[in-house]
Amino acid sequence: MASRVTFIGAGNMAGAIIGGMIDNGHPASDITATSPSDEVLAPLRERFGIHTDTDNVAAVRDADIVVLAVKPQIMRGVCEGMRDTLQRQRPLIISVAAGLTAESLQAWMGGGLPLVRCMPNTPSLVGAGAAGLFATPEVSAEQRDQATALLEAVGLVEWVEEEGLLDAVTAVSGSAPAYFFLMFEAMEEAGVKLGLPAETARRLAMQTALGAARMAQGSEFTPDRLKRNVMSPGGTTERAIEHLEQAGLRQIMADAMEACAARAREMAEELGKR
Ligand SMILES: NC(=O)C1=CN([C@@H]2O[C@H](COP(=O)(O)OP(=O)(O)OC[C@H]3O[C@@H](n4cnc5c(N)ncnc54)[C@H](O)[C@@H]3O)[C@@H](O)[C@H]2O)C=CC1
Ligand SMILES: O=C(O)[C@@H]1CCC=N1
């Protein structure tokens with residue numbers, strides 16, 4: 001029998017994972033999502049046929065897995081509100097919140113629960129997610145497998161053995177879809193300046209990104225080698241790559257990703273105080 005999974009929060013991230021799970025054949029009748037607002041829940045109910053509830057406590061009462069998917073800033077109140085029921089039911093908890101440490105989450109839920117911290121990303125919606133997972137000592141091998149199965153239904157899963165590494169995962173994959181969306185915007189704008197219709201530039205840029213990722217994923221060659229295969233000596237690509245290197249693209253990425261991970265650490269400090 002499939003696990004009964006309750007999502008606390010029904011926003012971008014919960015919606016992306018739920019959509020991916022349904023596409024992968026998880027029964028909608030075993031999935032519940034909550035939000036204080038039925039206006040938020042109605043579209044999910046209609047689109048996926050899942051259960052919804054405006055009451056978090058009622059929704060976790062018979063859950064096998066509870067996915068915490070509210071904003072980090074309200075997580076404490078949400079966890080404290082479900083504390084007694086979670087302690088009785090003892091489901092596997094999966095938090096997708098950026099920053100919040102296992103120590104804080106456990107303290108807010110009364111402690112000792114099997115807790116997996118997960119950093120997923122929104123491409124989960126199309127089955128192409130990339131998630132980093134960390135298990136607390138309370139998590140059994142079977143529950144680890146359950147968490148893997150749930151997230152593998154919507155994409156790639158990588159376990160990390162140190163909790164702090166989830167901040168690096170946030171920089172590399174959790175936040176990273178946005179870096180590529182920014183790149184699409186920039187490429188479309190530049191394509192338009194070069195005379196292409198916006199739609200044409202957008203379609204070409206996206207298909208190229210998809211093609212490059214698929215080609216690199218299945219390749220025995222490094223990204224550097226694949227890059228060099230495109231760069232004919234004295235040709236056009238060489239000129240563009242020289243420009244990107246001289247303009248400091250590598251440093252820009254390093255700085256942006258360091259800022260991302262630092263913000264996750266800062267959020268843990270700000271929100272983790274008891
Ligand atoms: N958006 C993203 O790309 C990613 C988000 N995350 C994490 O996922 C979590 C959720 O982020 P988003 O989905 O982007 O936020 P969101 O704002 O889209 O969704 C939050 C949801 O929580 C609901 N909510 C508000 N108060 C509630 C309460 N008291 N009880 C139950 N539900 C309540 C809202 O109605 C909304 O549906 C955050 O902790 C974030 O760090 C992690 C990885 C990627
Ligand atoms: O921006 C954020 O804080 C969340 C976590 C990773 C992606 N979105």
# chains A, B, ... in the order shown; residues from 1 in each chain; ligands from 1
$ residues_around --residues "A:Asn56" --least-positions-apart "2" --cutoff "10 Å" --atoms "only C-alpha atoms" --output "list in words"
Thr6, Phe7, Ile8, Gly9, Ala33, Thr34, Ser35, Pro36, Thr52, Asp53, Thr54, Ala58, Ala59, Val60, Arg61, Val78, Cys79, Gly81, Met82 and Thr85 of chain A
$ residues_near_ligand --ligand "ligand 1" --cutoff "7 Å" --atoms "only C-alpha atoms and all ligand atoms" --output "list in words"
Ile8, Gly9, Ala10, Gly11, Asn12, Met13, Ala14, Thr34, Ser35, Pro36, Ser37, Val40, Asn56, Ala69, Val70, Lys71, Pro72, Ile74, Val78, Val96, Ala97, Ala98, Met119, Pro120, Asn121, Thr122, Gly174 and Ser175 of chain A
$ select_by_dssp --residues "stretch 150-235 of chain A" --states "helix (DSSP H, G or I)" --output "NGL selection string"
:A and (150-152 or 165-174 or 176-193 or 198-217 or 223-230)
$ closest_residue --among "A:Ala186, A:Ala259, A:Ala176, A:Leu210" --to "ligand 2" --atoms "only C-alpha atoms and all ligand atoms"
A:Ala176
$ atom_distance --atom1 "atom CA of A:Met21" --atom2 "atom CA of A:Gly132"
17.3 Å
$ residues_around --residues "stretch 200-202 of chain A" --least-positions-apart "3" --cutoff "9 Å" --atoms "only C-alpha atoms" --output "NGL selection string"
:A and (184-185 or 187-192 or 196-197 or 205-207)
$ write_last_selection --atoms "N, CA and C atoms" --output "PDB file, in the first residue's frame"
ATOM      1  N   PHE A 184      17.893  32.579 -19.204  1.00  0.00           N
ATOM      2  CA  PHE A 184      16.952  32.587 -20.344  1.00  0.00           C
ATOM      3  C   PHE A 184      16.501  34.012 -20.657  1.00  0.00           C
ATOM      4  N   GLU A 185      16.195  34.777 -19.578  1.00  0.00           N
ATOM      5  CA  GLU A 185      15.765  36.173 -19.791  1.00  0.00           C
ATOM      6  C   GLU A 185      16.855  36.946 -20.516  1.00  0.00           C
ATOM      7  N   MET A 187      19.361  35.820 -22.333  1.00  0.00           N
ATOM      8  CA  MET A 187      19.617  35.350 -23.704  1.00  0.00           C
ATOM      9  C   MET A 187      18.513  35.819 -24.646  1.00  0.00           C
ATOM     10  N   GLU A 188      17.281  35.831 -24.117  1.00  0.00           N
ATOM     11  CA  GLU A 188      16.172  36.316 -24.958  1.00  0.00           C
ATOM     12  C   GLU A 188      16.371  37.803 -25.278  1.00  0.00           C
ATOM     13  N   GLU A 189      16.719  38.579 -24.251  1.00  0.00           N
ATOM     14  CA  GLU A 189      16.922  40.027 -24.466  1.00  0.00           C
ATOM     15  C   GLU A 189      18.045  40.267 -25.475  1.00  0.00           C
ATOM     16  N   ALA A 190      19.118  39.494 -25.316  1.00  0.00           N
ATOM     17  CA  ALA A 190      20.257  39.670 -26.231  1.00  0.00           C
ATOM     18  C   ALA A 190      19.895  39.229 -27.651  1.00  0.00           C
ATOM     19  N   GLY A 191      19.100  38.142 -27.745  1.00  0.00           N
ATOM     20  CA  GLY A 191      18.658  37.656 -29.058  1.00  0.00           C
ATOM     21  C   GLY A 191      17.805  38.703 -29.766  1.00  0.00           C
ATOM     22  N   VAL A 192      16.950  39.374 -28.986  1.00  0.00           N
ATOM     23  CA  VAL A 192      16.095  40.423 -29.558  1.00  0.00           C
ATOM     24  C   VAL A 192      16.959  41.574 -30.070  1.00  0.00           C
ATOM     25  N   LEU A 196      16.247  38.949 -33.505  1.00  0.00           N
ATOM     26  CA  LEU A 196      15.284  37.836 -33.527  1.00  0.00           C
ATOM     27  C   LEU A 196      13.977  38.234 -32.847  1.00  0.00           C
ATOM     28  N   PRO A 197      12.852  37.643 -33.283  1.00  0.00           N
ATOM     29  CA  PRO A 197      11.626  37.814 -32.504  1.00  0.00           C
ATOM     30  C   PRO A 197      11.824  37.195 -31.111  1.00  0.00           C
ATOM     31  N   ALA A 205      16.790  29.387 -27.031  1.00  0.00           N
ATOM     32  CA  ALA A 205      17.625  29.368 -25.817  1.00  0.00           C
ATOM     33  C   ALA A 205      17.247  28.186 -24.919  1.00  0.00           C
ATOM     34  N   MET A 206      15.939  27.983 -24.739  1.00  0.00           N
ATOM     35  CA  MET A 206      15.500  26.896 -23.837  1.00  0.00           C
ATOM     36  C   MET A 206      15.846  25.528 -24.402  1.00  0.00           C
ATOM     37  N   GLN A 207      15.615  25.340 -25.683  1.00  0.00           N
ATOM     38  CA  GLN A 207      15.923  24.045 -26.294  1.00  0.00           C
ATOM     39  C   GLN A 207      17.430  23.775 -26.213  1.00  0.00           C
TER      40      GLN A 207
END
$ closest_residue --among "A:Thr170, A:Thr237, A:Ser232, A:Gln146" --to "ligand 2" --atoms "only C-alpha atoms and all ligand atoms"
A:Thr170
$ closest_residue --among "A:Thr208, A:Ser219, A:Gln143, A:Ser95" --to "ligand 2" --atoms "only C-alpha atoms and all ligand atoms"
A:Ser95
$ closest_residue --among "A:Gly49, A:Gly111, A:Gly99, A:Gly195" --to "A:Gly164" --atoms "only C-alpha atoms"
A:Gly99
$ residues_around --residues "A:Arg117" --least-positions-apart "6" --cutoff "6 Å" --atoms "only C-alpha atoms" --output "PyMOL selection string"
chain A and resi 94-95+133-134
$ write_last_selection --atoms "C-alpha atoms" --output "short mmCIF file (atom, residue, chain, number, x, y, z; two decimals), in the first residue's frame"
data_model
loop_
_atom_site.label_atom_id
_atom_site.label_comp_id
_atom_site.auth_asym_id
_atom_site.auth_seq_id
_atom_site.Cartn_x
_atom_site.Cartn_y
_atom_site.Cartn_z
CA ILE A 94 10.36 15.58 5.71
CA SER A 95 11.17 19.29 5.93
CA LEU A 133 18.55 14.79 1.66
CA PHE A 134 19.91 14.48 5.20
#
$ closest_residue --among "A:Gly19, A:Pro123, A:Gly110, A:Gly211" --to "ligand 2" --atoms "only C-alpha atoms and all ligand atoms"
A:Pro123
$ atom_distance --atom1 "atom CA of A:His51" --atom2 "atom CA of A:Val66"
13.9 Å
